[in-house]
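S.K.: PDB, C-alpha atoms, file coords35.pdb:
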```
ATOM      1  CA  MET A 135      77.608  96.607  66.600
ATOM      2  CA  THR A 136      78.898  93.182  65.825
ATOM      3  CA  THR A 137      78.942  92.153  69.481
ATOM      4  CA  PHE A 138      75.454  93.510  70.049
ATOM      5  CA  ASP A 139      74.078  91.731  66.966
ATOM      6  CA  THR A 140      75.674  88.454  68.028
ATOM      7  CA  VAL A 141      74.301  88.637  71.564
ATOM      8  CA  HIS A 142      70.932  89.751  70.241
ATOM      9  CA  ASP A 143      70.751  86.811  67.831
ATOM     10  CA  ASP A 144      71.811  84.366  70.552
ATOM     11  CA  VAL A 145      69.050  85.590  72.825
ATOM     12  CA  ILE A 146      66.322  85.762  70.219
ATOM     13  CA  ALA A 147      67.058  82.487  68.421
ATOM     14  CA  PRO A 148      65.928  80.177  71.242
ATOM     15  CA  ARG A 149      62.785  82.193  71.645
ATOM     16  CA  ARG A 150      61.991  81.820  67.996
ATOM     17  CA  GLY A 151      62.590  78.089  68.241
ATOM     18  CA  GLN A 152      60.336  77.896  71.265
ATOM     19  CA  ARG A 153      57.605  79.740  69.433
ATOM     20  CA  THR A 154      57.907  77.344  66.525
ATOM     21  CA  ARG A 155      57.649  74.335  68.822
ATOM     22  CA  ARG A 156      54.617  75.768  70.572
ATOM     23  CA  ARG A 157      52.966  76.546  67.288
ATOM     24  CA  PHE A 158      53.210  72.968  66.023
ATOM     25  CA  SER A 159      52.796  71.149  69.332
ATOM     26  CA  LEU A 160      49.984  68.628  69.638
ATOM     27  CA  PRO A 161      48.280  70.284  72.662
ATOM     28  CA  GLY A 162      48.259  73.604  70.822
ATOM     29  CA  LEU A 163      46.774  71.968  67.748
ATOM     30  CA  ILE A 164      44.029  70.349  69.825
ATOM     31  CA  ARG A 165      43.228  73.682  71.484
ATOM     32  CA  ARG A 166      42.791  75.297  68.060
ATOM     33  CA  LEU A 167      40.340  72.633  66.892
ATOM     34  CA  PRO A 168      36.631  73.436  67.177
ATOM     35  CA  PRO A 169      35.122  71.873  70.318
ATOM     36  CA  GLY A 170      32.399  70.226  68.253
ATOM     37  CA  LEU A 171      34.973  68.465  66.080
ATOM     38  CA  VAL A 172      36.931  67.230  69.099
ATOM     39  CA  LEU A 173      33.707  65.938  70.660
ATOM     40  CA  SER A 174      32.778  64.196  67.393
ATOM     41  CA  TRP A 175      36.116  62.397  67.229
ATOM     42  CA  LEU A 176      35.697  61.401  70.875
ATOM     43  CA  VAL A 177      32.229  59.941  70.232
ATOM     44  CA  LEU A 178      33.429  57.957  67.214
ATOM     45  CA  GLY A 179      36.508  56.777  69.076
ATOM     46  CA  ILE A 180      34.432  55.454  71.974
ATOM     47  CA  ALA A 181      31.998  53.751  69.588
ATOM     48  CA  PHE A 182      34.850  52.046  67.715
ATOM     49  CA  LEU A 183      36.413  50.896  70.977
ATOM     50  CA  TRP A 184      33.055  49.447  71.956
ATOM     51  CA  ALA A 185      33.034  47.476  68.717
ATOM     52  CA  VAL A 186      36.644  46.275  69.036
ATOM     53  CA  ALA A 187      36.883  45.490  72.764
ATOM     54  CA  PRO A 188      33.467  45.700  74.455
ATOM     55  CA  TRP A 189      34.601  43.618  77.455
ATOM     56  CA  LEU A 190      36.809  46.513  78.562
ATOM     57  CA  PHE A 191      33.775  48.716  79.214
ATOM     58  CA  THR A 192      31.387  46.405  81.053
ATOM     59  CA  ASN A 193      31.432  43.208  83.068
ATOM     60  CA  TYR A 194      27.827  42.238  82.360
ATOM     61  CA  ASN A 195      26.757  39.619  79.838
ATOM     62  CA  PRO A 196      24.489  41.294  77.260
ATOM     63  CA  LEU A 197      22.533  38.084  76.634
ATOM     64  CA  GLU A 198      21.890  36.867  80.168
ATOM     65  CA  GLY A 199      19.361  38.428  82.504
ATOM     66  CA  VAL A 200      19.361  38.461  86.301
ATOM     67  CA  GLY A 201      16.300  37.384  88.235
ATOM     68  CA  GLY A 202      14.628  40.169  90.165
ATOM     69  CA  GLU A 203      16.454  42.892  88.165
ATOM     70  CA  GLN A 204      13.773  43.433  85.526
ATOM     71  CA  LEU A 205      13.099  47.028  84.389
ATOM     72  CA  ARG A 206      15.444  48.474  86.957
ATOM     73  CA  ARG A 207      16.002  52.215  86.693
ATOM     74  CA  PRO A 208      19.488  53.592  85.963
ATOM     75  CA  ASP A 209      21.660  53.606  89.080
ATOM     76  CA  ALA A 210      25.243  53.047  90.155
ATOM     77  CA  SER A 211      25.195  49.294  89.448
ATOM     78  CA  HIS A 212      23.327  49.579  86.131
ATOM     79  CA  LEU A 213      24.284  52.854  84.491
ATOM     80  CA  LEU A 214      21.451  52.739  81.927
ATOM     81  CA  GLY A 215      19.076  50.440  83.754
ATOM     82  CA  THR A 216      17.914  46.971  82.779
ATOM     83  CA  ASP A 217      15.393  45.610  80.292
ATOM     84  CA  ALA A 218      12.351  43.386  80.780
ATOM     85  CA  LEU A 219      14.550  40.288  81.164
ATOM     86  CA  GLY A 220      16.950  41.841  83.663
ATOM     87  CA  ARG A 221      19.777  42.367  81.153
ATOM     88  CA  ASP A 222      22.050  45.372  81.624
ATOM     89  CA  LEU A 223      21.134  47.924  78.957
ATOM     90  CA  TYR A 224      24.547  49.576  78.921
ATOM     91  CA  ALA A 225      26.198  46.215  78.225
ATOM     92  CA  ARG A 226      23.765  45.532  75.391
ATOM     93  CA  ILE A 227      24.484  48.934  73.817
ATOM     94  CA  VAL A 228      28.240  48.403  74.104
ATOM     95  CA  TYR A 229      28.128  44.912  72.602
ATOM     96  CA  GLY A 230      25.671  46.095  69.958
ATOM     97  CA  ALA A 231      28.218  48.534  68.536
ATOM     98  CA  VAL A 232      30.018  45.773  66.674
ATOM     99  CA  HIS A 233      26.840  44.832  64.772
ATOM    100  CA  SER A 234      25.791  48.372  63.849
ATOM    101  CA  LEU A 235      29.246  49.718  62.987
ATOM    102  CA  THR A 236      30.375  46.604  61.126
ATOM    103  CA  GLY A 237      27.177  46.671  59.105
ATOM    104  CA  ALA A 238      27.764  50.328  58.277
ATOM    105  CA  PHE A 239      31.347  49.616  57.167
ATOM    106  CA  VAL A 240      30.201  46.749  54.940
ATOM    107  CA  ALA A 241      27.463  48.900  53.415
ATOM    108  CA  VAL A 242      29.809  51.806  52.667
ATOM    109  CA  ALA A 243      32.525  49.512  51.296
ATOM    110  CA  LEU A 244      30.040  47.744  49.021
ATOM    111  CA  GLY A 245      28.609  50.971  47.653
ATOM    112  CA  LEU A 246      32.056  52.546  47.308
ATOM    113  CA  VAL A 247      33.695  49.671  45.441
ATOM    114  CA  ILE A 248      30.855  48.742  43.087
ATOM    115  CA  GLY A 249      29.544  52.273  42.571
ATOM    116  CA  THR A 250      32.979  53.784  41.984
ATOM    117  CA  GLY A 251      33.885  50.964  39.623
ATOM    118  CA  LEU A 252      30.775  51.541  37.542
ATOM    119  CA  GLY A 253      31.342  55.297  37.536
ATOM    120  CA  VAL A 254      34.968  54.992  36.454
ATOM    121  CA  VAL A 255      34.053  52.600  33.643
ATOM    122  CA  ALA A 256      31.182  54.826  32.495
ATOM    123  CA  GLY A 257      33.372  57.916  32.457
ATOM    124  CA  SER A 258      36.262  56.231  30.660
ATOM    125  CA  VAL A 259      34.729  54.126  27.893
ATOM    126  CA  ARG A 260      32.684  54.806  24.802
ATOM    127  CA  ARG A 261      29.219  56.299  24.726
ATOM    128  CA  ARG A 262      27.123  53.116  24.355
ATOM    129  CA  LEU A 263      28.473  51.408  27.452
ATOM    130  CA  ASP A 264      28.351  54.728  29.279
ATOM    131  CA  ASP A 265      24.672  55.138  28.418
ATOM    132  CA  ALA A 266      23.867  51.564  29.472
ATOM    133  CA  ILE A 267      25.566  51.976  32.874
ATOM    134  CA  MET A 268      23.992  55.343  33.570
ATOM    135  CA  ARG A 269      20.502  54.103  32.678
ATOM    136  CA  LEU A 270      20.995  51.352  35.251
ATOM    137  CA  VAL A 271      22.066  54.009  37.737
ATOM    138  CA  ASP A 272      18.973  56.070  36.932
ATOM    139  CA  LEU A 273      16.833  52.992  37.543
ATOM    140  CA  LEU A 274      18.363  52.506  40.989
ATOM    141  CA  LEU A 275      17.872  56.186  41.809
ATOM    142  CA  SER A 276      14.190  56.006  40.845
ATOM    143  CA  ILE A 277      13.477  53.426  43.584
ATOM    144  CA  PRO A 278      13.109  54.772  47.159
ATOM    145  CA  PRO A 279      16.079  53.568  49.247
ATOM    146  CA  LEU A 280      13.952  52.034  52.015
ATOM    147  CA  LEU A 281      11.776  50.148  49.526
ATOM    148  CA  LEU A 282      14.856  48.872  47.696
ATOM    149  CA  SER A 283      16.464  47.783  50.969
ATOM    150  CA  LEU A 284      13.371  45.917  52.101
ATOM    151  CA  SER A 285      13.085  44.182  48.716
ATOM    152  CA  ILE A 286      16.685  42.981  48.886
ATOM    153  CA  ILE A 287      16.316  41.765  52.471
ATOM    154  CA  ILE A 288      13.202  39.820  51.556
ATOM    155  CA  LEU A 289      15.196  38.090  48.811
ATOM    156  CA  LEU A 290      18.329  37.462  50.904
ATOM    157  CA  GLY A 291      16.779  36.912  54.318
ATOM    158  CA  PHE A 292      17.089  38.681  57.655
ATOM    159  CA  GLY A 293      20.358  39.420  59.417
ATOM    160  CA  THR A 294      22.931  42.151  59.930
ATOM    161  CA  VAL A 295      25.024  41.154  56.918
ATOM    162  CA  ASN A 296      22.021  41.052  54.603
ATOM    163  CA  ALA A 297      20.847  44.405  55.941
ATOM    164  CA  ALA A 298      24.309  45.841  55.267
ATOM    165  CA  ILE A 299      24.244  44.486  51.718
ATOM    166  CA  ALA A 300      20.818  46.012  51.179
ATOM    167  CA  VAL A 301      21.962  49.410  52.437
ATOM    168  CA  GLY A 302      25.121  49.171  50.336
ATOM    169  CA  VAL A 303      23.143  48.481  47.160
ATOM    170  CA  THR A 304      21.066  51.616  47.721
ATOM    171  CA  SER A 305      24.256  53.731  47.783
ATOM    172  CA  ILE A 306      25.772  52.322  44.580
ATOM    173  CA  ALA A 307      23.960  54.766  42.319
ATOM    174  CA  GLY A 308      25.156  57.845  44.216
ATOM    175  CA  PHE A 309      28.774  56.736  44.152
ATOM    176  CA  ALA A 310      28.543  55.830  40.458
ATOM    177  CA  ARG A 311      27.201  59.229  39.402
ATOM    178  CA  LEU A 312      29.766  61.118  41.433
ATOM    179  CA  ALA A 313      32.681  58.979  40.228
ATOM    180  CA  ARG A 314      31.621  59.338  36.588
ATOM    181  CA  SER A 315      31.318  63.113  36.808
ATOM    182  CA  GLU A 316      34.752  63.396  38.436
ATOM    183  CA  VAL A 317      36.389  61.111  35.861
ATOM    184  CA  VAL A 318      34.857  63.044  32.962
ATOM    185  CA  ARG A 319      36.030  66.338  34.502
ATOM    186  CA  VAL A 320      39.598  65.107  35.015
ATOM    187  CA  ARG A 321      39.821  63.502  31.564
ATOM    188  CA  ARG A 322      39.258  66.916  29.966
ATOM    189  CA  SER A 323      42.159  68.474  31.875
ATOM    190  CA  ASP A 324      45.256  69.695  30.054
ATOM    191  CA  TYR A 325      47.682  67.440  31.908
ATOM    192  CA  VAL A 326      45.671  64.351  30.948
ATOM    193  CA  GLU A 327      45.682  65.399  27.295
ATOM    194  CA  ALA A 328      49.413  66.002  27.575
ATOM    195  CA  ALA A 329      49.905  62.517  29.027
ATOM    196  CA  PHE A 330      48.066  60.983  26.075
ATOM    197  CA  GLY A 331      50.039  63.176  23.666
ATOM    198  CA  SER A 332      53.343  62.019  25.126
ATOM    199  CA  GLY A 333      52.516  58.404  24.304
ATOM    200  CA  GLY A 334      50.834  57.239  27.520
ATOM    201  CA  THR A 335      48.506  54.263  27.211
ATOM    202  CA  PHE A 336      44.883  54.447  28.292
ATOM    203  CA  VAL A 337      45.392  52.218  31.334
ATOM    204  CA  ALA A 338      48.566  54.030  32.425
ATOM    205  CA  VAL A 339      46.999  57.485  32.159
ATOM    206  CA  LEU A 340      43.858  56.298  33.919
ATOM    207  CA  TRP A 341      45.873  54.803  36.790
ATOM    208  CA  ARG A 342      48.468  57.545  37.208
ATOM    209  CA  HIS A 343      46.490  60.694  36.499
ATOM    210  CA  VAL A 344      42.727  60.231  36.278
ATOM    211  CA  LEU A 345      41.999  58.072  39.326
ATOM    212  CA  PRO A 346      44.201  59.888  41.895
ATOM    213  CA  ASN A 347      42.684  63.241  40.938
ATOM    214  CA  SER A 348      39.056  62.154  40.679
ATOM    215  CA  LEU A 349      38.457  59.890  43.695
ATOM    216  CA  THR A 350      39.103  62.436  46.462
ATOM    217  CA  SER A 351      35.513  63.667  46.375
ATOM    218  CA  VAL A 352      34.268  60.082  46.270
ATOM    219  CA  PHE A 353      36.101  59.226  49.497
ATOM    220  CA  ALA A 354      34.710  62.364  51.124
ATOM    221  CA  VAL A 355      31.183  61.225  50.269
ATOM    222  CA  ALA A 356      32.017  57.760  51.645
ATOM    223  CA  ALA A 357      32.816  59.330  55.007
ATOM    224  CA  LEU A 358      29.452  61.100  54.942
ATOM    225  CA  GLN A 359      27.714  57.909  53.876
ATOM    226  CA  PHE A 360      28.950  56.090  56.988
ATOM    227  CA  GLY A 361      26.641  58.052  59.280
ATOM    228  CA  SER A 362      23.747  57.513  56.908
ATOM    229  CA  ALA A 363      24.487  53.776  56.806
ATOM    230  CA  VAL A 364      24.400  53.552  60.618
ATOM    231  CA  LEU A 365      21.003  55.231  60.608
ATOM    232  CA  GLN A 366      19.612  53.023  57.823
ATOM    233  CA  ILE A 367      20.805  49.794  59.439
ATOM    234  CA  SER A 368      19.309  50.891  62.744
ATOM    235  CA  THR A 369      16.051  51.650  60.932
ATOM    236  CA  LEU A 370      15.973  48.188  59.381
ATOM    237  CA  GLY A 371      16.737  46.658  62.779
ATOM    238  CA  PHE A 372      13.906  48.670  64.326
ATOM    239  CA  LEU A 373      11.507  47.335  61.680
ATOM    240  CA  GLY A 374      12.604  43.770  62.435
ATOM    241  CA  TYR A 375      14.629  43.163  59.261
ATOM    242  CA  GLY A 376      18.064  43.266  60.863
ATOM    243  CA  ALA A 377      19.692  41.050  63.446
ATOM    244  CA  PRO A 378      17.269  38.644  65.170
ATOM    245  CA  PRO A 379      16.730  38.667  68.951
ATOM    246  CA  PRO A 380      18.489  38.435  71.348
ATOM    247  CA  THR A 381      21.294  40.100  69.349
ATOM    248  CA  PRO A 382      21.967  43.510  70.922
ATOM    249  CA  GLU A 383      21.742  45.577  67.747
ATOM    250  CA  TRP A 384      20.965  49.277  68.281
ATOM    251  CA  GLY A 385      17.832  49.433  66.139
ATOM    252  CA  LEU A 386      16.502  46.246  67.692
ATOM    253  CA  LEU A 387      17.106  47.636  71.196
ATOM    254  CA  ILE A 388      14.939  50.643  70.373
ATOM    255  CA  ALA A 389      12.220  48.380  68.990
ATOM    256  CA  GLU A 390      12.263  46.121  72.055
ATOM    257  CA  GLY A 391      11.918  49.070  74.420
ATOM    258  CA  ARG A 392       8.989  50.794  72.708
ATOM    259  CA  ASN A 393       6.483  48.520  74.465
ATOM    260  CA  TYR A 394       7.699  49.878  77.814
ATOM    261  CA  ILE A 395       8.138  53.519  76.845
ATOM    262  CA  SER A 396       5.581  54.710  79.398
ATOM    263  CA  THR A 397       7.110  52.803  82.318
ATOM    264  CA  ALA A 398      10.771  52.307  81.296
ATOM    265  CA  TRP A 399      11.729  55.287  79.146
ATOM    266  CA  TRP A 400      15.442  54.462  79.270
ATOM    267  CA  LEU A 401      15.009  51.359  77.103
ATOM    268  CA  THR A 402      14.361  53.476  74.006
ATOM    269  CA  THR A 403      16.017  56.741  75.014
ATOM    270  CA  ALA A 404      19.518  55.369  75.687
ATOM    271  CA  PRO A 405      20.080  53.456  72.418
ATOM    272  CA  GLY A 406      18.302  56.202  70.487
ATOM    273  CA  VAL A 407      20.647  58.849  71.883
ATOM    274  CA  VAL A 408      23.668  56.663  71.038
ATOM    275  CA  VAL A 409      22.526  56.303  67.412
ATOM    276  CA  VAL A 410      21.906  60.044  67.092
ATOM    277  CA  LEU A 411      25.307  60.921  68.604
ATOM    278  CA  VAL A 412      27.202  58.514  66.329
ATOM    279  CA  VAL A 413      25.392  59.736  63.208
ATOM    280  CA  LEU A 414      25.920  63.404  64.071
ATOM    281  CA  ALA A 415      29.579  62.780  64.906
ATOM    282  CA  ALA A 416      30.165  60.941  61.622
ATOM    283  CA  ASN A 417      28.520  63.763  59.670
ATOM    284  CA  ARG A 418      30.605  66.380  61.482
ATOM    285  CA  VAL A 419      33.868  64.557  60.829
ATOM    286  CA  SER A 420      32.944  63.956  57.165
ATOM    287  CA  GLN A 421      32.756  67.733  56.655
ATOM    288  CA  ILE A 422      36.517  67.886  57.226
ATOM    289  CA  PHE A 423      37.087  65.347  54.444
ATOM    290  CA  GLY A 424      34.794  67.359  52.206
ATOM    291  CA  LYS A 425      36.823  70.525  52.778
ATOM    292  CA  VAL A 426      40.049  68.669  52.048
ATOM    293  CA  ALA A 427      38.550  67.299  48.837
ATOM    294  CA  VAL A 428      37.599  70.801  47.703
TER     295      VAL A 428
END
```
Here is the file; what I need is its structure written in the form of structure tokens.
M.R.:
Amino acid sequence: MTTFDTVHDDVIAPRRGQRTRRRFSLPGLIRRLPPGLVLSWLVLGIAFLWAVAPWLFTNYNPLEGVGGEQLRRPDASHLLGTDALGRDLYARIVYGAVHSLTGAFVAVALGLVIGTGLGVVAGSVRRRLDDAIMRLVDLLLSIPPLLLSLSIIILLGFGTVNAAIAVGVTSIAGFARLARSEVVRVRRSDYVEAAFGSGGTFVAVLWRHVLPNSLTSVFAVAALQFGSAVLQISTLGFLGYGAPPPTPEWGLLIAEGRNYISTAWWLTTAPGVVVVLVVLAANRVSQIFGKVAV
């Protein structure tokens, strides 16, 4: 029996180890992921690479046209065709990623930092300051986001950065309300009361216990807000309040191609599809952060 058990264990042990390695291998993990999630990560990865190193994806200059190449249909030399000035549309979409994605990052960062700061202060301090901050938040929520964005752009001027600031301001109220509700919920927890009872100061308890346990949901909403920010910045660019021509910003590309929609459909379809894919991919990926937060 002893010999049989020893041989049996020697034979089975490697197999168990192999099963463990297969179970936690990267290819196996990728195969278990939903195809839609893998595709979403792929879309976002390509878009970010466009923004970081656009010259790796195209040899054309997005600002210079070629004579005799105006409104050329998509073919092997111009994958997405050319515009009315003979500029390669694919190159303009690739180089436009840096403007749209950077603007979205700035907008989300602005709303996250200022909104979360206001929410944390409102949920941590006395009632009067809390009421004053939340009434300001209610005022921001009462104004339609597009109207508020246009008002801010009119005051600051046109441009991608100003459009990003305008979009970021419209998201401050949402972040502030969520952060306040999470801080109030965590402050009423038993472990926070125990930390205060053991002699912890207000700042120490807030930093060590309240913030780490209340900002997870806020970061999940920030991931969701990224897709919305891309769409809003593209909308402002389409209306003419974003980057000025000839900057290859996605919303501006759609606006420039609408005059040729009956004869050159690719001028609006291609950048429009890119915006839709990036927004949908960002929303799909943000659902994973939301599940982790829950």
S.K.: State, in Å with one decimal place, the distance from atom CA of Trp400 of chain A to atom CA of Gly385 of chain A.
M.R.: 14.3 Å
S.K.: For Arg206 of chain A, which of A:Thr402, A:Thr397, A:Thr304, A:Thr381 is the closest residue, counting only C-alpha atoms?
M.R.: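 That would be A:Thr397, the residue with the smallest distance to Arg206 of chain A.
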S.K.: Using the chain letters and numbering of this document, enumerate as a ChimeraX atom specification the residues selected by the PyMOL selection byres ((chain A and resi 367) around 12).
M.R.: /A:231,233-242,279-280,283-284,287,292-302,304,360-366,368-377,383-386,409,413
S.K.: Using only C-alpha atoms, pick whichever of A:Leu173, A:Leu358, A:Val303, A:Val317 has the shortest atom-to-atom distance to Ala256 of chain A.
M.R.: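 Answer, going by the shortest atom-to-atom distance: A:Val317.
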S.K.: Smallest atom-to-atom distance to Ser351 of chain A: which of A:Ala415, A:Ile422, A:Ile277, A:Val337, using only C-alpha atoms?
M.R.: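 When distances to Ser351 of chain A are compared using only C-alpha atoms, the smallest one comes from A:Ile422.
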S.K.: Quick one: apply the PyMOL selection byres ((chain A and resi 320-327) around 10) to the file and drop the selected residues here as a ChimeraX atom specification.
M.R.: /A:257-258,314-319,328-332,334,339-340,342-348
S.K.: Name the residues that the PyMOL selection byres ((chain A and resi 215) around 10) pulls out of this structure, and write them as a list in words.
M.R.: Glu203, Gln204, Leu205, Arg206, Arg207, Pro208, Asp209, Ala210, Ser211, His212, Leu213, Leu214, Thr216, Asp217, Gly220, Arg221, Asp222, Leu223, Tyr224, Ala225, Ala398, Trp399, Trp400, Leu401 and Ala404 of chain A
S.K.: Taking into account all atoms listed in the file, which residue in the set A:Leu167, A:Leu197, A:Ala354, A:Ala313 is nearest to Ile227 of chain A?
M.R.: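 Counting all atoms listed in the file, the residue closest to Ile227 of chain A is A:Leu197.
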S.K.: One number please: atom CA of Ile267 of chain A to atom CA of Ala356 of chain A, in Å, one decimal.
M.R.: 20.7 Å
S.K.: Just give me the gap between atom CA of Val172 of chain A and atom CA of Phe353 of chain A in Å, one decimal is fine.
M.R.: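 It comes out at 21.2 Å.
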S.K.: Which one of A:Leu414, A:Ala218, A:Leu171, A:Val254 sits closest to Arg392 of chain A if you count all atoms listed in the file?
M.R.: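 Answer, going by the shortest atom-to-atom distance: A:Ala218.
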S.K.: Please list as a count of residues only every residue within 10 Å of Phe191 of chain A, counting only C-alpha atoms and excluding residues in the same chain fewer than 6 positions away.
M.R.: 7
S.K.: Which residue out of A:Gly308, A:Pro168, A:Pro405, A:Gly230 has the minimum interatomic distance to Leu273 of chain A when only C-alpha atoms are used?
M.R.: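 The shortest atom-to-atom distance to Leu273 of chain A comes from A:Gly308.
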S.K.: Any chance you could work out the axis-aligned box around segment 305-323 of chain A, listed atoms only, 4 Å on each side, giving centre and edge lengths in Å to one decimal, as JSON?
M.R.:
```
{"center_x": 33.1, "center_y": 60.4, "center_z": 38.9, "size_x": 26.2, "size_y": 24.2, "size_z": 25.8}
```
